[in-house]
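K.L.:
Enclosed is the structure file input_35.cif (mmCIF, C-alpha atoms and all ligand atoms).
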```cif
data_input
loop_
_atom_site.label_atom_id
_atom_site.label_comp_id
_atom_site.auth_asym_id
_atom_site.auth_seq_id
_atom_site.Cartn_x
_atom_site.Cartn_y
_atom_site.Cartn_z
CA MET A 227 17.98 -4.03 -18.07
CA LYS A 228 17.95 -6.63 -15.40
CA ARG A 229 16.81 -5.36 -12.05
CA ILE A 230 18.76 -6.02 -8.93
CA HIS A 231 16.53 -6.50 -5.94
CA PRO A 232 16.75 -4.44 -2.79
CA VAL A 233 19.63 -5.11 -0.54
CA TYR A 234 19.82 -6.31 3.00
CA ARG A 235 20.52 -3.36 5.22
CA PRO A 236 23.27 -4.20 7.67
CA PRO A 237 23.45 -2.60 11.12
CA LEU A 238 24.45 1.04 10.96
CA ARG A 239 28.07 1.16 9.88
CA HIS A 240 27.76 3.76 7.17
CA PRO A 241 25.03 6.08 5.95
CA ARG A 242 22.08 3.75 5.75
CA TRP A 243 20.90 4.72 2.32
CA LEU A 244 24.11 3.88 0.56
CA PRO A 245 23.69 0.13 0.04
CA TRP A 246 20.43 0.74 -1.68
CA VAL A 247 21.86 3.36 -3.98
CA ALA A 248 24.70 1.04 -4.82
CA ALA A 249 22.30 -1.73 -5.70
CA LEU A 250 20.31 0.32 -8.15
CA PRO A 251 20.72 -0.24 -11.85
CA LEU A 252 23.55 1.90 -13.10
CA PHE A 253 21.49 4.62 -14.74
CA ALA A 254 19.65 5.21 -11.49
CA VAL A 255 22.87 5.47 -9.53
CA MET A 256 24.07 8.13 -11.91
CA ALA A 257 20.78 9.93 -11.63
CA ALA A 258 20.97 9.88 -7.85
CA PHE A 259 24.42 11.40 -7.85
CA GLY A 260 23.49 13.76 -10.64
CA ILE A 261 20.92 15.58 -8.59
CA ALA A 262 22.81 15.47 -5.34
CA PRO A 263 26.09 17.05 -6.39
CA ASP A 264 27.30 17.27 -2.80
CA THR A 265 27.46 13.52 -2.65
CA ALA A 266 30.92 12.96 -4.02
CA PRO A 267 31.41 9.39 -5.17
CA ASN A 268 34.61 9.08 -3.15
CA GLN A 269 32.55 9.35 0.01
CA VAL A 270 30.87 6.06 -0.77
CA PRO A 271 32.46 3.39 1.42
CA THR A 272 33.94 0.96 -1.03
CA GLU A 273 33.12 -2.15 0.92
CA THR A 274 29.45 -1.23 0.82
CA VAL A 275 29.40 -1.10 -2.93
CA VAL A 276 31.20 -4.38 -3.28
CA GLN A 277 28.97 -6.02 -0.73
CA ALA A 278 25.87 -4.80 -2.49
CA LEU A 279 26.95 -5.85 -5.94
CA GLU A 280 28.03 -9.26 -4.79
CA LEU A 281 24.63 -10.19 -3.45
CA PRO A 282 23.24 -13.37 -4.90
CA GLU A 283 20.41 -13.35 -7.36
CA PRO A 284 17.00 -12.10 -6.30
CA ALA A 285 14.69 -14.15 -4.08
CA SER A 286 17.32 -16.71 -3.25
CA THR A 287 18.81 -14.53 -0.53
CA ASP A 288 17.99 -15.92 2.85
CA ILE A 289 16.86 -12.86 4.68
CA ALA A 290 14.62 -12.98 7.68
CA ASP A 291 11.80 -10.55 7.96
CA ASP A 292 13.44 -8.32 10.50
CA GLY A 293 12.37 -5.19 8.73
CA SER A 294 15.72 -4.79 7.07
CA PHE A 295 14.42 -4.19 3.58
CA ASP A 296 13.54 -0.96 1.94
CA PHE A 297 10.18 -1.15 0.29
CA TRP A 298 7.90 0.75 -2.05
CA SER A 299 5.12 2.44 -0.16
CA GLU A 300 2.32 4.05 -2.14
CA GLU A 301 -0.61 6.10 -0.88
CA ARG A 302 -3.57 7.71 -2.51
CA ILE A 303 -4.06 11.34 -1.44
CA GLN A 304 -7.30 11.78 0.50
CA ARG A 305 -9.37 14.89 0.81
CA GLY A 306 -8.03 16.89 3.76
CA ASP A 307 -4.61 15.27 3.62
CA THR A 308 -1.60 17.35 4.57
CA LEU A 309 1.93 16.47 3.57
CA ALA A 310 2.44 15.38 7.19
CA SER A 311 -0.56 13.02 7.31
CA LEU A 312 0.44 11.54 3.98
CA LEU A 313 4.00 10.92 5.17
CA ASP A 314 2.61 9.21 8.28
CA ARG A 315 0.69 6.76 6.13
CA LEU A 316 3.68 6.16 3.91
CA GLY A 317 5.60 5.05 7.00
CA VAL A 318 8.02 7.97 7.17
CA GLY A 319 9.40 8.64 10.66
CA ALA A 320 9.33 11.97 12.49
CA GLU A 321 12.89 12.99 11.66
CA ASP A 322 12.56 12.63 7.90
CA LYS A 323 9.06 14.03 8.00
CA ALA A 324 10.40 17.32 9.28
CA ARG A 325 13.13 17.31 6.61
CA VAL A 326 10.62 16.67 3.85
CA ILE A 327 8.40 19.48 5.02
CA THR A 328 11.43 21.78 4.89
CA ALA A 329 12.33 20.56 1.40
CA SER A 330 8.75 20.95 0.18
CA ARG A 331 9.28 24.72 0.19
CA GLN A 332 11.23 24.23 -3.04
CA ALA A 333 8.35 22.25 -4.57
CA PRO A 334 5.02 24.09 -4.44
CA ALA A 335 3.22 21.06 -5.89
CA LEU A 336 3.91 19.22 -2.62
CA GLN A 337 2.04 21.89 -0.74
CA ARG A 338 -1.01 21.57 -2.99
CA LEU A 339 -1.63 17.83 -2.92
CA ILE A 340 -4.40 16.78 -5.28
CA PRO A 341 -6.87 14.25 -3.83
CA GLY A 342 -7.04 11.04 -5.84
CA ARG A 343 -3.45 11.18 -7.08
CA THR A 344 -0.86 8.87 -5.59
CA VAL A 345 2.51 9.32 -3.98
CA LEU A 346 5.18 6.66 -4.20
CA ALA A 347 7.97 6.47 -1.65
CA ARG A 348 10.91 4.25 -0.97
CA VAL A 349 11.14 3.81 2.80
CA THR A 350 12.92 1.61 5.29
CA ALA A 351 11.24 -0.36 8.03
CA SER A 352 12.65 2.08 10.57
CA GLY A 353 10.93 5.01 8.88
CA GLN A 354 13.73 6.51 6.81
CA LEU A 355 12.65 8.02 3.53
CA LEU A 356 14.98 7.26 0.64
CA LEU A 357 13.06 8.99 -2.11
CA LEU A 358 9.59 10.20 -2.92
CA ARG A 359 7.82 10.56 -6.26
CA TYR A 360 4.65 12.53 -6.71
CA LEU A 361 2.95 12.69 -10.07
CA ALA A 362 1.36 16.12 -9.77
CA THR A 363 -0.15 15.77 -13.25
CA ASP A 364 0.27 12.98 -15.78
CA GLU A 365 3.15 14.94 -17.31
CA ARG A 366 4.73 16.53 -14.27
CA LEU A 367 6.74 14.65 -11.69
CA VAL A 368 7.96 15.99 -8.36
CA THR A 369 10.86 14.05 -6.90
CA LEU A 370 12.46 14.29 -3.49
CA ASN A 371 15.86 12.68 -3.23
CA ARG A 372 17.88 12.16 -0.12
CA ALA A 373 20.90 14.42 -0.02
CA GLN A 374 23.75 14.96 2.40
CA GLU A 375 21.49 17.23 4.44
CA GLY A 376 17.77 16.72 4.15
CA PHE A 377 16.13 16.30 0.78
CA VAL A 378 16.42 17.90 -2.64
CA ALA A 379 13.23 18.57 -4.54
CA GLU A 380 13.02 18.56 -8.31
CA GLU A 381 10.19 19.00 -10.81
CA THR A 382 10.45 17.44 -14.25
CA ALA A 383 8.28 16.91 -17.32
CA ILE A 384 7.82 13.22 -17.94
CA HIS A 385 6.16 10.71 -20.20
CA LEU A 386 4.70 7.62 -18.57
CA ASP A 387 5.11 4.16 -20.06
CA ALA A 388 2.73 1.47 -18.85
CA ARG A 389 4.31 -1.95 -18.51
CA PRO A 390 3.09 -5.28 -17.23
CA ILE A 391 5.49 -6.47 -14.56
CA MET A 392 5.93 -10.09 -13.49
CA ARG A 393 7.39 -11.04 -10.15
CA SER A 394 7.46 -14.09 -7.96
CA GLY A 395 8.75 -14.94 -4.53
CA GLU A 396 8.79 -17.39 -1.69
CA VAL A 397 7.73 -16.81 1.91
CA ARG A 398 10.58 -17.28 4.38
CA ALA A 399 9.36 -15.47 7.47
CA SER A 400 6.48 -13.24 6.45
CA LEU A 401 4.58 -12.19 3.38
CA TYR A 402 6.01 -8.67 3.43
CA GLY A 403 9.53 -10.00 3.89
CA ALA A 404 8.96 -12.01 0.73
CA THR A 405 7.32 -9.27 -1.32
CA ASP A 406 10.07 -6.83 -0.28
CA ALA A 407 12.68 -9.34 -1.37
CA ALA A 408 10.94 -9.65 -4.73
CA ASP A 409 10.71 -5.84 -4.98
CA ILE A 410 6.94 -5.95 -5.20
CA PRO A 411 5.38 -2.62 -4.17
CA ASP A 412 3.21 -2.65 -1.07
CA SER A 413 0.11 -1.66 -2.97
CA ILE A 414 0.44 -4.79 -5.09
CA ALA A 415 1.20 -7.01 -2.08
CA SER A 416 -1.93 -5.79 -0.35
CA GLN A 417 -4.03 -6.21 -3.51
CA MET A 418 -2.79 -9.79 -3.66
CA ALA A 419 -3.68 -10.42 -0.01
CA GLU A 420 -7.09 -8.88 -0.64
CA VAL A 421 -7.77 -11.00 -3.72
CA PHE A 422 -7.12 -14.22 -1.81
CA SER A 423 -8.73 -13.07 1.45
CA GLY A 424 -11.69 -15.41 0.91
CA ASP A 425 -9.39 -18.44 0.76
CA ILE A 426 -6.39 -17.61 2.91
CA ASP A 427 -6.17 -16.10 6.38
CA PHE A 428 -2.79 -14.46 5.94
CA HIS A 429 -2.48 -14.06 9.72
CA ARG A 430 -2.87 -17.76 10.45
CA ASP A 431 -2.40 -19.82 7.30
CA LEU A 432 0.95 -18.59 5.95
CA ARG A 433 3.76 -21.10 6.00
CA ARG A 434 7.43 -20.98 5.18
CA GLY A 435 7.79 -22.16 1.60
CA ASP A 436 4.51 -20.69 0.39
CA ARG A 437 5.05 -19.23 -3.08
CA PHE A 438 3.41 -16.51 -5.10
CA SER A 439 3.54 -14.91 -8.52
CA VAL A 440 2.00 -11.63 -9.62
CA VAL A 441 1.48 -9.81 -12.88
CA TYR A 442 0.63 -6.14 -12.45
CA GLU A 443 0.60 -2.83 -14.27
CA ALA A 444 3.22 -0.28 -13.44
CA PHE A 445 4.08 3.08 -14.91
CA TYR A 446 7.64 4.06 -15.63
CA HIS A 447 9.57 7.09 -16.76
CA GLU A 448 13.08 6.44 -18.07
CA GLY A 449 13.17 3.13 -16.30
CA LYS A 450 12.05 4.51 -12.95
CA LEU A 451 8.90 3.33 -11.25
CA ILE A 452 6.49 6.25 -10.92
CA LYS A 453 3.32 4.51 -9.85
CA THR A 454 1.78 1.09 -9.77
CA GLY A 455 -1.56 0.18 -11.25
CA ARG A 456 -3.77 -2.83 -11.01
CA LEU A 457 -2.94 -6.38 -10.08
CA LEU A 458 -3.72 -8.28 -13.31
CA SER A 459 -3.23 -11.85 -12.21
CA ALA A 460 -1.84 -13.68 -9.23
CA GLU A 461 -1.05 -17.11 -7.98
CA PHE A 462 -0.57 -18.14 -4.38
CA VAL A 463 0.53 -21.58 -3.26
CA ASN A 464 -0.44 -21.89 0.40
CA GLN A 465 0.48 -25.07 2.26
CA GLY A 466 0.79 -26.84 -1.07
CA LYS A 467 -2.59 -25.70 -2.32
CA ARG A 468 -2.62 -23.46 -5.39
CA TYR A 469 -4.95 -20.48 -5.81
CA ARG A 470 -5.11 -18.38 -8.96
CA ALA A 471 -6.93 -15.20 -9.82
CA VAL A 472 -7.22 -13.10 -12.97
CA TYR A 473 -8.70 -9.62 -13.20
CA PHE A 474 -11.77 -9.22 -15.43
CA LYS A 475 -14.60 -6.76 -16.02
CA ASP A 476 -17.79 -8.45 -17.15
CA SER A 477 -20.47 -7.14 -19.53
CA HIS A 478 -22.51 -5.86 -16.55
CA GLY A 479 -19.58 -3.68 -15.58
CA ARG A 480 -18.74 -5.77 -12.54
CA GLU A 481 -15.01 -5.93 -11.93
CA GLY A 482 -13.30 -8.63 -10.02
CA TYR A 483 -10.95 -11.55 -9.92
CA PHE A 484 -11.76 -14.97 -11.25
CA THR A 485 -10.17 -18.37 -11.27
CA PRO A 486 -8.83 -19.46 -14.68
CA GLN A 487 -12.09 -21.43 -14.96
CA GLY A 488 -14.20 -18.28 -14.62
CA GLN A 489 -15.38 -18.66 -11.02
CA SER A 490 -15.28 -15.52 -8.87
CA VAL A 491 -12.64 -15.72 -6.14
CA LYS A 492 -14.80 -13.53 -3.92
CA ARG A 493 -16.33 -15.45 -1.04
CA ALA A 494 -19.39 -14.73 1.06
CA PHE A 495 -17.07 -14.81 4.11
CA LEU A 496 -13.56 -13.44 4.49
CA LYS A 497 -11.15 -15.82 6.17
CA SER A 498 -9.97 -13.16 8.61
CA PRO A 499 -11.58 -10.12 10.25
CA LEU A 500 -8.22 -8.34 10.29
CA PRO A 501 -7.12 -6.87 6.98
CA PHE A 502 -3.65 -7.96 6.06
CA SER A 503 -1.25 -5.07 5.85
CA ARG A 504 2.33 -4.30 6.69
CA ILE A 505 1.08 -2.73 9.92
CA SER A 506 -1.27 -5.50 11.02
CA SER A 507 1.28 -8.14 10.10
CA GLY A 508 3.71 -6.73 12.61
CA PHE A 509 5.62 -4.20 10.58
CA SER A 510 7.53 -2.57 13.42
CA SER A 511 8.56 -5.57 15.50
CA ALA A 512 10.12 -8.53 13.85
CA ARG A 513 9.17 -11.37 16.14
CA TYR A 514 5.58 -10.38 16.42
CA HIS A 515 3.25 -13.34 16.43
CA PRO A 516 -0.13 -12.33 15.15
CA VAL A 517 -2.03 -15.24 16.64
CA LEU A 518 -1.89 -15.81 20.38
CA LYS A 519 -3.51 -19.21 20.38
CA GLU A 520 -5.53 -21.36 18.09
CA TRP A 521 -9.07 -22.56 18.57
CA ARG A 522 -9.33 -23.71 22.17
CA ALA A 523 -11.81 -24.28 24.97
CA HIS A 524 -12.72 -20.61 24.92
CA ARG A 525 -14.11 -21.15 21.42
CA GLY A 526 -12.74 -18.30 19.51
CA ILE A 527 -9.71 -17.17 17.57
CA ASP A 528 -7.45 -14.54 19.08
CA TYR A 529 -5.52 -12.23 16.81
CA ALA A 530 -2.85 -10.14 18.48
CA ALA A 531 -2.67 -6.74 16.86
CA PRO A 532 -1.80 -3.22 17.96
CA THR A 533 -4.58 -1.21 19.62
CA GLY A 534 -6.45 0.72 16.97
CA THR A 535 -5.99 -1.82 14.17
CA PRO A 536 -9.23 -1.74 12.15
CA VAL A 537 -11.52 -4.77 12.44
CA ARG A 538 -13.74 -5.55 9.48
CA ALA A 539 -16.95 -7.47 8.96
CA VAL A 540 -16.21 -10.86 7.40
CA ALA A 541 -19.50 -10.86 5.47
CA ASP A 542 -22.55 -8.73 4.66
CA ALA A 543 -24.52 -8.38 7.88
CA VAL A 544 -26.91 -6.58 10.14
CA VAL A 545 -25.51 -5.48 13.51
CA SER A 546 -27.31 -7.44 16.23
CA PHE A 547 -25.31 -6.06 19.15
CA ALA A 548 -22.71 -3.35 19.74
CA GLY A 549 -21.87 -2.62 23.36
CA TRP A 550 -20.33 -4.03 26.53
CA GLN A 551 -20.64 -7.72 27.44
CA GLY A 552 -18.70 -8.90 30.56
CA GLY A 553 -15.39 -10.55 29.69
CA TYR A 554 -15.74 -9.66 26.03
CA GLY A 555 -15.54 -5.95 26.85
CA ASN A 556 -16.68 -3.93 23.86
CA ILE A 557 -18.14 -6.41 21.43
CA VAL A 558 -19.87 -6.28 18.06
CA ILE A 559 -22.10 -9.18 17.03
CA LEU A 560 -23.13 -9.42 13.38
CA ASP A 561 -25.96 -11.50 11.90
CA HIS A 562 -25.21 -12.81 8.40
CA GLN A 563 -27.27 -15.01 6.14
CA LYS A 564 -28.87 -17.65 8.32
CA PRO A 565 -27.63 -19.49 10.33
CA TYR A 566 -24.33 -17.61 10.57
CA SER A 567 -23.23 -14.87 12.93
CA THR A 568 -19.85 -13.50 14.03
CA ALA A 569 -18.60 -11.75 17.17
CA TYR A 570 -15.66 -9.38 17.67
CA GLY A 571 -14.54 -8.79 21.27
CA HIS A 572 -12.15 -6.62 23.34
CA LEU A 573 -12.56 -3.68 20.95
CA SER A 574 -11.09 -0.35 22.03
CA ARG A 575 -13.92 1.46 20.27
CA PHE A 576 -16.66 1.03 17.69
CA ALA A 577 -16.62 2.44 14.20
CA PRO A 578 -18.96 5.43 13.81
CA GLY A 579 -22.59 4.44 13.25
CA VAL A 580 -22.18 0.80 14.24
CA LYS A 581 -25.24 0.06 16.32
CA ARG A 582 -28.04 -2.48 16.46
CA GLY A 583 -29.95 -2.78 13.17
CA LYS A 584 -27.30 -1.12 11.01
CA ARG A 585 -26.54 -2.81 7.65
CA ILE A 586 -22.90 -3.62 7.07
CA ASN A 587 -21.09 -4.72 3.93
CA GLN A 588 -18.36 -7.29 3.83
CA GLY A 589 -15.06 -5.59 4.57
CA ASP A 590 -16.56 -2.54 6.30
CA VAL A 591 -14.69 -1.46 9.42
CA ILE A 592 -16.87 -2.13 12.49
CA GLY A 593 -14.44 -1.29 15.29
CA TYR A 594 -10.84 -1.20 16.42
CA VAL A 595 -8.63 -3.68 18.27
CA GLY A 596 -8.26 -3.06 21.98
CA ALA A 597 -7.99 -4.82 25.34
CA THR A 598 -11.36 -4.16 26.96
CA GLY A 599 -12.99 -6.81 29.18
CA LEU A 600 -10.88 -9.78 30.22
CA ALA A 601 -7.87 -9.31 28.00
CA THR A 602 -4.23 -9.41 29.01
CA GLY A 603 -3.11 -7.37 26.03
CA PRO A 604 -4.51 -5.84 22.86
CA HIS A 605 -6.04 -8.49 20.65
CA LEU A 606 -9.16 -9.32 18.75
CA HIS A 607 -11.29 -12.17 20.03
CA TYR A 608 -13.20 -13.47 17.04
CA GLU A 609 -16.01 -16.00 17.10
CA PHE A 610 -17.78 -17.67 14.24
CA ARG A 611 -21.22 -18.94 15.25
CA VAL A 612 -23.66 -21.29 13.55
CA ALA A 613 -27.18 -21.01 14.96
CA GLY A 614 -25.68 -19.15 17.91
CA VAL A 615 -23.11 -21.81 18.73
CA GLN A 616 -19.38 -21.12 18.33
CA LYS A 617 -17.75 -23.23 15.62
CA ASP A 618 -14.29 -23.36 14.17
CA PRO A 619 -14.81 -21.85 10.70
CA LEU A 620 -11.87 -23.89 9.39
CA GLY A 621 -13.90 -27.04 9.05
CA LEU A 622 -17.04 -25.46 7.61
CA LYS A 623 -18.25 -25.45 4.03
CA LEU A 624 -19.25 -21.83 3.53
CA PRO A 625 -21.28 -20.41 0.67
CA THR A 626 -19.38 -19.07 -2.36
CA SER A 627 -20.36 -16.16 -4.57
CA PHE A 628 -21.18 -15.67 -8.23
CA ALA A 629 -19.77 -17.20 -11.41
CA LEU A 630 -19.58 -15.47 -14.80
CA ASP A 631 -22.51 -16.09 -17.15
CA SER A 632 -21.73 -18.16 -20.25
CA ARG A 633 -21.15 -15.25 -22.66
CA ASP A 634 -18.80 -13.47 -20.25
CA ARG A 635 -17.17 -16.73 -19.40
CA ASN A 636 -16.14 -17.34 -23.01
CA ARG A 637 -14.74 -13.84 -23.35
CA PHE A 638 -12.99 -14.25 -20.01
CA LEU A 639 -11.42 -17.55 -21.03
CA ALA A 640 -10.06 -15.97 -24.21
CA GLU A 641 -8.86 -12.72 -22.61
CA SER A 642 -7.37 -14.26 -19.49
CA ARG A 643 -5.24 -16.74 -21.42
CA PRO A 644 -2.15 -14.51 -21.75
CA LEU A 645 -2.29 -13.65 -18.06
CA VAL A 646 -2.62 -17.28 -17.04
CA ASP A 647 0.25 -18.10 -19.41
CA ARG A 648 2.39 -15.53 -17.64
CA LEU A 649 1.65 -17.18 -14.30
CA GLU A 650 2.64 -20.52 -15.84
CA LEU A 651 5.86 -18.95 -17.01
CA LEU A 652 6.63 -17.61 -13.56
CA GLN A 653 5.77 -20.85 -11.83
CA GLY A 654 8.84 -22.76 -10.93
CA THR A 655 11.21 -20.00 -11.93
CA ASN A 656 13.56 -18.75 -9.32
CA LEU A 657 13.37 -15.16 -10.45
CA ALA A 658 12.28 -12.55 -8.00
CA SER A 659 12.10 -9.97 -10.68
CA PHE A 660 12.44 -9.22 -14.31
CA ASP A 661 10.73 -6.63 -16.37
ZN ZN B 701 -10.22 -15.16 22.77
#
```
Rewrite the structure of this file - the entire thing - as structure tokens.
Ligand SMILES: [Zn+2]
P.N.:
Amino acid sequence: MKRIHPVYRPPLRHPRWLPWVAALPLFAVMAAFGIAPDTAPNQVPTETVVQALELPEPASTDIADDGSFDFWSEERIQRGDTLASLLDRLGVGAEDKARVITASRQAPALQRLIPGRTVLARVTASGQLLLLRYLATDERLVTLNRAQEGFVAEETAIHLDARPIMRSGEVRASLYGATDAADIPDSIASQMAEVFSGDIDFHRDLRRGDRFSVVYEAFYHEGKLIKTGRLLSAEFVNQGKRYRAVYFKDSHGREGYFTPQGQSVKRAFLKSPLPFSRISSGFSSARYHPVLKEWRAHRGIDYAAPTGTPVRAVADAVVSFAGWQGGYGNIVILDHQKPYSTAYGHLSRFAPGVKRGKRINQGDVIGYVGATGLATGPHLHYEFRVAGVQKDPLGLKLPTSFALDSRDRNRFLAESRPLVDRLELLQGTNLASFD
């Protein structure tokens, strides 16, 4: 069945979840009404249904990233998680959080969350929960559906089908606007951003017209998405330059992403110290500009981000300084392979254990965005230094990381072929989704 992509959510004129329900494939619409018997079909405003069904084909809709899309949010349950903390991470607002907690009394599995399992939710940018799916065991699904009042919980026995899904999209206003439009779950969008984080600074480098394609694993039950799996291959065309990555596990057990030629896409340095996520990319306010100003006389890059946004080490390092330094406020300075070092200023606080002499791995959180020192608002001041002198990292040739050895490379070239072919197939198509 052809999928219809999520629908633009107009200003509140009718119950806000209706357009989305109307845009679901037919079987899902019936399912939604089937378990919410109070929701009589004649209460559905007719113009909403018509409007939803008349939407143009996926990806070609010109929708700004004003947070108007619903999206798939997925979170892994951590040790010590409560239903409330999990809902916070999923992006569910206070009102629906309380309703879910009430509804969870009908579903004991939701009160005994199992660490390591994932929860999938359909949420709106404003924090409304549309539905929630929790795979309590591989055969047992707990579903919460929005009803007239609150949520209705249901437990069912299921059988999961794994499917490779192919999607592509084009950036109009933001990456998440584009992945939402293509109905790509958040977990896949962030895996994609992570895979290309050595080549693309998604806070600074994104341009309107950038294109991407992804192939990923997803698990379905009767046509409904239950959970997503791994990103299998991806392509990103940034400012006309094409990057490709294919997942592979080599004979030494190392997993990673490689170019179709067998070169690791991992880089010794990340392009940005801020991880790219829906939150850090300005999830809650539409016109949020992540970068205050480009490289200037003050010899650094400023990333505007909410206080508390995690800041990560761009490369393996040893901490050379963590403390207060005049206008920088709280600053961490990291020494990398010679002659490189990086500095992170205006932090609100340091990550636990970050002090002089401590070894840090690439991607480790070293502190949190703040406005300490001479800062007019919360932002990260980031400096890249070569032999102690600030340089614009844009123009530098930085070291790359490993390539596959010849035996693995041959296996990789053979095994990656179908995934590269799928990217070829997606390239140039105007489809946001088909599965
Ligand atoms: Zn600065």
K.L.:
Between A:Gln337, A:Ser574, A:Gln417, A:Thr344, which has the minimum distance to Ala597 in chain A (counting all atoms listed in the file)?
P.N.:
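Residue with the minimum atom-to-atom distance to Ala597 in chain A: A:Ser574.
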K.L.:
When you draw a straight line from CA of Phe484 in chain A to CA of Asp590 in chain A, how long is it in Å?
P.N.:
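These atoms are spaced 22.0 Å apart.
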K.L.:
So which residues touch Phe428 in chain A within 9 Å, counting only C-alpha atoms, skipping near sequence neighbours fewer than 5 positions away, as an MDAnalysis selection string?
P.N.:
chainID A and resid 401 419 422:423 497:498 501:502 507
K.L.:
I need the residue nearest ligand ZN 701 (chain B) from this list: A:Leu573, A:Ala373, A:Ala351, A:Ile340. Use all atoms listed in the file for the distance.
P.N.:
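So, comparing all the options, the nearest one is A:Leu573.
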K.L.:
Using only C-alpha atoms and all ligand atoms, which residues have at least one atom no more than 7 Å from ligand ZN 701 (chain B)? Output them as a list in words.
P.N.:
His524, Gly526, Ile527, Asp528, His607 and Tyr608 of chain A
K.L.:
Any chance you can output those residues with C-alpha atoms as a PDB file, in the frame of the given file?
P.N.:
```pdb
ATOM      1  CA  HIS A 524     -12.720 -20.610  24.920  1.00  0.00           C
ATOM      2  CA  GLY A 526     -12.740 -18.300  19.510  1.00  0.00           C
ATOM      3  CA  ILE A 527      -9.710 -17.170  17.570  1.00  0.00           C
ATOM      4  CA  ASP A 528      -7.450 -14.540  19.080  1.00  0.00           C
ATOM      5  CA  HIS A 607     -11.290 -12.170  20.030  1.00  0.00           C
ATOM      6  CA  TYR A 608     -13.200 -13.470  17.040  1.00  0.00           C
TER       7      TYR A 608
END
```
K.L.:
Using only C-alpha atoms, which residue out of A:Lys475, A:Gly395, A:Leu624, A:Gly583 lies closest to Gln563 in chain A?
P.N.:
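That would be A:Leu624, the residue with the smallest distance to Gln563 in chain A.
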K.L.:
A:Ile384, A:Leu432, A:Val544, A:Ala531: which is nearest Gly449 in chain A, counting only C-alpha atoms?
P.N.:
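Ranked by minimum distance to Gly449 in chain A, first place goes to A:Ile384.
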K.L.:
Which value, in Å to one decimal, gives the distance between CA of Ala310 in chain A and CA of Leu457 in chain A?
P.N.:
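Spanning CA of Ala310 in chain A to CA of Leu457 in chain A is a straight-line distance of 28.3 Å.
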K.L.:
Near range 489-494 of chain A, counting only C-alpha atoms, which residues have an atom at most 12 Å away, once you skip same-chain residues fewer than 4 positions from it, shown as an MDAnalysis selection string?
P.N.:
chainID A and resid 418 420:426 459:461 469:476 480:485 498 539:543 562:563 566 587:589 623:632 634:635 638:639
K.L.:
Find, counting all atoms listed in the file, the residue in A:Phe547, A:Phe377, A:Tyr402, A:Trp298 that gets nearest to Thr454 in chain A.
P.N.:
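Result for the nearest residue to Thr454 in chain A: A:Trp298.
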K.L.:
What does the distance between CA of Val378 in chain A and CA of Lys453 in chain A come to in Å, to one decimal place?
P.N.:
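Between CA of Val378 in chain A and CA of Lys453 in chain A the gap is 20.1 Å.
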K.L.:
Which of these residues is nearest to Asp387 in chain A, using all atoms listed in the file: A:Glu609, A:Asp409, A:Asp364, A:Glu321?
P.N.:
A:Asp364
K.L.:
Skipping near chain neighbours, those fewer than 2 positions away, what residues fall within 6 Å of Leu367 in chain A using only C-alpha atoms, listed as a PyMOL selection string?
P.N.:
chain A and resi 360-362+381-382
K.L.:
Give, as lines of an AutoDock Vina configuration file, the centre coordinates and the x, y and z edge lengths in Å to one decimal for an axis-aligned box around all listed atoms of range 531-544 of chain A, padded by 6 Å on each side.
P.N.:
```
center_x = -14.4
center_y = -5.1
center_z = 12.1
size_x = 37.1
size_y = 23.6
size_z = 27.0
```
K.L.:
Please work out which residues fall within 10 Å of (9.0, -3.2, -4.3), coordinates as given in the file, with only C-alpha atoms counting, and return them as a list of chain:residue names.
P.N.:
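Answer for this query, in the requested form: A:His231, A:Pro232, A:Phe295, A:Asp296, A:Phe297, A:Trp298, A:Ser299, A:Arg348, A:Arg393, A:Tyr402, A:Thr405, A:Asp406, A:Ala407, A:Ala408, A:Asp409, A:Ile410, A:Pro411, A:Asp412, A:Ser413, A:Ile414, A:Ala415, A:Leu451, A:Ser659.
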